[in-house]
Amino acid sequence: MSMKTKHEWTGYRVGQTVKRTLFYLLVVLLSIVFLSPFLVMITTSFKTNSDAFTLPVKLLPRQWVFENYPKAFETIPYFRYMGNTAFITFFSVLGQLLVTPMVAYSLSKIRWKGSKIISGLIMATMMIPISVTMIPLYRIYSKLHLVNTYIPLILPAFFGRAFYIIIYRQFFAGVPNSLMEAAWIDGANEAQRYIHIALPISKPALTTIGIYAFLDSWSDYLMPLIYITKSDRNTLSLGLQQYISEHTVDWSRLMAAATIFVLPVIVVFVIFQKNFVQGIATSGLKA
Amino acid sequence: MTMRRKHSSMTLLEKRSFRNGLLFALPWIIGFLAFSVYPLCMSLYYGFTQFNAVTTPKWVGLQNFQWLLKDATVKKSLMNTLFMAFVSMPVNLFVALMLASIVVKDFRGRTLARTFFFLPSIIPMVAATMVWIWMFDPTYGYINNVLSAIGIRGPNWLIDARYTKWALVLMGSWTTGTTMLVCMAALQEVPVSYYESAEIDGANGVQKFFRITIPCMAHVLVYQAILSFINSFQYFQQVYIIVTANSGTKMGASLGGPQNSIMMYPLYIFHNAFTYLKMGRAAAMAWVLFVIVAILTVILTRISRRVNENAGVE
């Protein structure tokens with residue numbers, strides 16, 4: 001390689017600076033594009049409804065108002081719905097946290113005939129469309145008079161979910177067997193090994209699954225849509241629809257309601273971002 | 001004698017771990033039987049019957065399947081779904097790959113950028129879709145106002161049947177965060193030495209991208225493409241929300257959007273089941289969907305495996 005002259009070096013440096021600036025411009029532009037729906041949601045929530053429907057459209061409110069929030073909470077029984085959603089979410093998360101590690105443990109830390117078959121079946125269930133199972137399940141629940149209760153929304157959580165089990169199994173796969181074997185020599189049985197070694201070791205995975213279960217349950221729309229028809233039993237995801245009436249939509253109120261609905265999700269994500277990102281990156285899967 | 005004892009103790013151990021393994025996996029196995037196997041079988045049976053939510057299913061033979069072949073909306077919904085599968089998938093993959101190749105670089109603000117790109121993917125679908133409906137408003141929405149600022153007259157996104165599906169594609173490209181993360185992880189695996197030797201050979205950025213980056217992560221891309229393709233056949237929530245919101249405000253009061261342009265196959269199943277209460281038809285449609293997805297999964301995993309093998313040979 002030939003030595004660069006001084007002149008060439010300056011040219012190179014200028015080129016790098018231009019490249020860098022362009023790169024940052026691209027990043028900023030893309031960030032704005034990806035954040036814009038959030039910005040729209042939040043700024044609209046601080047506009048009066050007439051402001052939202054005034055041309056030219058401006059991103060920031062002409063006049064900042066906070067009344068949309070209290071109004072949004074009155075338009076629908078907001079806090080009641082929030083309580084309903086929190087109730088469902090709590091028990092769903094509980095169920096997933098109880099069952100997911102157990103099943104994952106069985107598949108990756110107990111050597112038994114059948115673990116491979118079960119693993120394959122778990123993968124296979126991920127491709128079963130909800131449309132296929134929803135009609136028979138609805139029929140059973142309605143025969144048992146469980147429609148309009150939260151049982152259909154919570155119960156499945158206590159039997160594990162493929163996506164979570166796979167992530168958890170992936171985590172266990174990275175834990176050396178020697179740890180478990182040492183405990184076996186000490187005379188611990190399977191349950192003891194699970195409770196005293198496997199569970200404490202897998203705390204990060206437990207956190208990840210907890211977050212996934214929280215987000216999935218909090219945001220769930222389809223299951224409440226099928227099973228909840230009494231309006232006082234609604235979840236927040238269903239409740240948002242009620243801001244849209246036959247004649248008009250009060251977008252400012254709807255956006256205020258949506259902002260509060262989304263807020264816990266963003267908070268949880270920001271706090272636990274690391275777990276979240278690792279969970280996806282290692283599994284290579286998409287929910 | 002000692003040999004035999006050792007042997008029998010081994011089987012005892014095996015038996016015990018079989019029992020333990022089964023016990024630990026039992027919750028999932030019960031759930032699998034109750035929430036997957038049983039409904040799948042019943043759904044198949046229901047496909048040959050006629051009933052609403054409460055009545056007892058009455059056997060009607062192949063009638064539902066004959067209806068399915070003749071019904072224009074079934075055909076339309078299938079075409080719409082295929083459109084989403086074939087158009088949305090490459091768009092999403094492209095966006096995800098672009099974002100991933102940005103956040104994989106080491107620069108100041110990288111974590112922040114990654115957060116911004118990923119955040120849309122975890123936002124509850126209902127809230128996000130509502131915001132998009134508002135942004136797609138032809139007069140007061142931000143999208144058309146931004147477009148008009150650069151001299152483009154935006155269409156009536158959710159009202160004009162020619163644009164509704166493109167609105168969905170646009171919406172979908174906003175939530176590619178998970179694919180981005182997977183691509184990012186794959187990009188980090190590409191050995192730096194490949195790029196270095198390419199640089200010595202005088203390769204430019206574009207060449208490096210197509211000759212090194214893409215082949216090195218082909219298996220990940222193919223896998224993501226497959227997942228995205230199969231997921232398209234389950235495309236439901238967004239269209240349901242849009243359609244309900246639209247009919248609420250009487251913009252295009254139809255159960256499948258303007259001229260059924262966003263009537264997706266799963267949406268039509270849902271309407272048959274819970275709006276028209278023709279559960280037999282819905283079950284027949286759902287089983288056809290299941291068979292399509294199953295066949296696609298088998299074919300596509302074969303392809304994916306072949307790509308993996310090729311990657312291994314290189």
# chains A, B, ... in the order shown; residues from 1 in each chain; ligands from 1

$ interface_residues --of "chain A" --to "chain B" --cutoff "7 Å" --atoms "only C-alpha atoms" --output "number ranges by chain"
A: 31, 34-35, 37, 41, 53, 57, 99, 102-103, 106, 110-113, 128-129, 131-133, 135-137, 139, 159-160, 219, 222, 237, 244-248, 258, 262, 265, 280-281, 284, 286

$ write_last_selection --atoms "C-alpha atoms" --output "compact mmCIF listing (two decimals), in the first residue's frame"
# COMPACT_ATOMS: atom_id res chain seq x y z
CA SER A 31 -36.09 8.30 14.52
CA PHE A 34 -40.67 5.98 13.91
CA LEU A 35 -41.59 8.24 16.80
CA PRO A 37 -47.18 8.23 15.79
CA MET A 41 -50.82 10.61 19.96
CA PHE A 53 -59.78 19.75 13.23
CA VAL A 57 -52.61 20.93 10.77
CA VAL A 99 -45.65 -23.05 34.31
CA MET A 102 -41.33 -26.08 34.75
CA VAL A 103 -41.93 -27.15 31.19
CA SER A 106 -38.40 -30.76 31.76
CA ILE A 110 -34.33 -33.77 32.48
CA ARG A 111 -33.16 -36.49 30.13
CA TRP A 112 -36.25 -38.44 29.22
CA LYS A 113 -37.79 -40.14 26.24
CA ILE A 128 -52.03 -23.25 14.58
CA PRO A 129 -54.19 -20.28 13.60
CA SER A 131 -59.31 -18.98 14.01
CA VAL A 132 -59.28 -22.77 14.04
CA THR A 133 -59.40 -23.23 17.79
CA ILE A 135 -64.98 -21.69 17.65
CA PRO A 136 -64.82 -24.98 19.61
CA LEU A 137 -63.29 -23.21 22.61
CA ARG A 139 -68.60 -23.30 22.47
CA PHE A 159 -50.80 -24.26 30.75
CA GLY A 160 -47.84 -22.51 29.18
CA SER A 219 -52.48 -5.42 25.06
CA LEU A 222 -58.79 -10.70 20.36
CA SER A 237 -58.23 -2.50 24.80
CA ILE A 244 -65.72 6.11 18.40
CA SER A 245 -69.43 6.77 18.19
CA GLU A 246 -71.66 6.58 15.19
CA HIS A 247 -71.38 10.24 14.38
CA THR A 248 -68.05 11.58 15.50
CA ALA A 258 -54.62 5.77 24.46
CA VAL A 262 -49.79 2.81 26.48
CA VAL A 265 -46.08 -0.57 28.48
CA ILE A 280 -35.78 -11.85 21.07
CA ALA A 281 -32.24 -11.85 19.78
CA GLY A 284 -34.64 -15.65 16.77
CA LYS A 286 -41.21 -13.51 16.54

$ select_by_dssp --residues "stretch 136-296 of chain B" --states "helix (DSSP H, G or I)" --output "ChimeraX atom specification"
/B:142-149,164-173,177-189,192-200,205-216,218-232,237-248,258-260,265-275,279-296

$ residues_around --residues "B:Met264" --least-positions-apart "3" --cutoff "7 Å" --atoms "only C-alpha atoms" --output "list in words"
Ser77, Leu78, Asn80, Thr81, Tyr235, Phe236, Leu267 and Tyr268 of chain B

$ closest_residue --among "A:Ala162, A:Val14, A:Ile211, A:Leu97" --to "A:Leu199" --atoms "only C-alpha atoms"
A:Leu97

$ closest_residue --among "B:Leu93, B:Ile299, B:Ala149, B:Ile226" --to "A:Pro56" --atoms "only C-alpha atoms"
B:Ala149

$ atom_distance --atom1 "atom CA of A:Val28" --atom2 "atom CA of A:Val40"
17.2 Å

$ select_by_dssp --residues "stretch 11-143 of chain B" --states "strand (DSSP E or B)" --output "mmCIF file with C-alpha atoms, in the first residue's frame"
data_model
loop_
_atom_site.group_PDB
_atom_site.id
_atom_site.type_symbol
_atom_site.label_atom_id
_atom_site.label_comp_id
_atom_site.auth_asym_id
_atom_site.auth_seq_id
_atom_site.Cartn_x
_atom_site.Cartn_y
_atom_site.Cartn_z
ATOM 1 C CA THR B 49 -72.209 -29.051 10.236
ATOM 2 C CA GLN B 50 -74.477 -26.083 10.546
ATOM 3 C CA LYS B 58 -76.468 -30.455 12.372
ATOM 4 C CA TRP B 59 -74.548 -32.589 9.854
#

$ residues_around --residues "A:Ser217" --least-positions-apart "2" --cutoff "8 Å" --atoms "only C-alpha atoms" --output "ChimeraX atom specification"
/A:88-89,92-93,213-215,219-220

$ residues_around --residues "A:Lys71" --least-positions-apart "4" --cutoff "12 Å" --atoms "only C-alpha atoms" --output "PDB file with C-alpha atoms, in the first residue's frame"
ATOM      1  CA  SER A  45     -54.203  14.536  23.537  1.00  0.00           C
ATOM      2  CA  PHE A  46     -53.296  18.089  24.570  1.00  0.00           C
ATOM      3  CA  THR A  48     -58.884  20.870  21.960  1.00  0.00           C
ATOM      4  CA  ASN A  49     -61.007  18.863  19.577  1.00  0.00           C
ATOM      5  CA  VAL A  65     -55.189  21.924  27.301  1.00  0.00           C
ATOM      6  CA  PHE A  66     -55.281  19.178  29.886  1.00  0.00           C
ATOM      7  CA  GLU A  67     -59.025  18.719  30.024  1.00  0.00           C
ATOM      8  CA  THR A  75     -66.474   9.146  28.752  1.00  0.00           C
ATOM      9  CA  ILE A  76     -66.003   5.480  29.564  1.00  0.00           C
ATOM     10  CA  PRO A  77     -65.574   3.857  32.996  1.00  0.00           C
ATOM     11  CA  TYR A  78     -61.847   4.118  32.426  1.00  0.00           C
ATOM     12  CA  TYR A 243     -64.677   6.680  21.973  1.00  0.00           C
ATOM     13  CA  ASP A 250     -63.395  12.831  19.771  1.00  0.00           C
ATOM     14  CA  TRP A 251     -59.805  12.252  18.762  1.00  0.00           C
ATOM     15  CA  SER A 252     -58.333  14.366  21.544  1.00  0.00           C
ATOM     16  CA  ARG A 253     -60.046  12.295  24.200  1.00  0.00           C
ATOM     17  CA  LEU A 254     -59.294   9.037  22.417  1.00  0.00           C
ATOM     18  CA  MET A 255     -55.618   9.961  22.193  1.00  0.00           C
ATOM     19  CA  ALA A 256     -55.566  10.915  25.885  1.00  0.00           C
ATOM     20  CA  ALA A 257     -57.085   7.540  26.742  1.00  0.00           C
TER      21      ALA A 257
END

$ atom_distance --atom1 "atom CA of A:Phe79" --atom2 "atom CA of A:Thr235"
10.0 Å

$ residues_around --residues "A:Gln170" --least-positions-apart "2" --cutoff "9 Å" --atoms "only C-alpha atoms" --output "PyMOL selection string"
chain A and resi 104+108+165-168+172-174+282-283

$ atom_distance --atom1 "atom CA of A:Ile271" --atom2 "atom CA of A:Gly95"
22.4 Å

$ residues_around --residues "A:Asn275" --least-positions-apart "6" --cutoff "9 Å" --atoms "only C-alpha atoms" --output "PDB file with N, CA, C and O atoms, in the first residue's frame"
ATOM      1  N   PRO A 204     -33.065 -14.190  35.244  1.00  0.00           N
ATOM      2  CA  PRO A 204     -33.198 -13.298  34.087  1.00  0.00           C
ATOM      3  C   PRO A 204     -34.273 -13.771  33.108  1.00  0.00           C
ATOM      4  O   PRO A 204     -35.051 -12.961  32.604  1.00  0.00           O
ATOM      5  N   ALA A 205     -34.318 -15.080  32.876  1.00  0.00           N
ATOM      6  CA  ALA A 205     -35.330 -15.612  31.956  1.00  0.00           C
ATOM      7  C   ALA A 205     -36.719 -15.428  32.540  1.00  0.00           C
ATOM      8  O   ALA A 205     -37.673 -15.099  31.824  1.00  0.00           O
ATOM      9  N   THR A 207     -37.668 -13.051  34.498  1.00  0.00           N
ATOM     10  CA  THR A 207     -38.024 -11.648  34.297  1.00  0.00           C
ATOM     11  C   THR A 207     -38.501 -11.420  32.868  1.00  0.00           C
ATOM     12  O   THR A 207     -39.534 -10.783  32.640  1.00  0.00           O
ATOM     13  N   THR A 208     -37.735 -11.949  31.910  1.00  0.00           N
ATOM     14  CA  THR A 208     -38.099 -11.772  30.505  1.00  0.00           C
ATOM     15  C   THR A 208     -39.507 -12.284  30.235  1.00  0.00           C
ATOM     16  O   THR A 208     -40.326 -11.589  29.631  1.00  0.00           O
ATOM     17  N   ILE A 211     -42.200 -10.096  31.660  1.00  0.00           N
ATOM     18  CA  ILE A 211     -42.458  -8.881  30.878  1.00  0.00           C
ATOM     19  C   ILE A 211     -43.276  -9.205  29.639  1.00  0.00           C
ATOM     20  O   ILE A 211     -44.259  -8.538  29.330  1.00  0.00           O
TER      21      ILE A 211
END
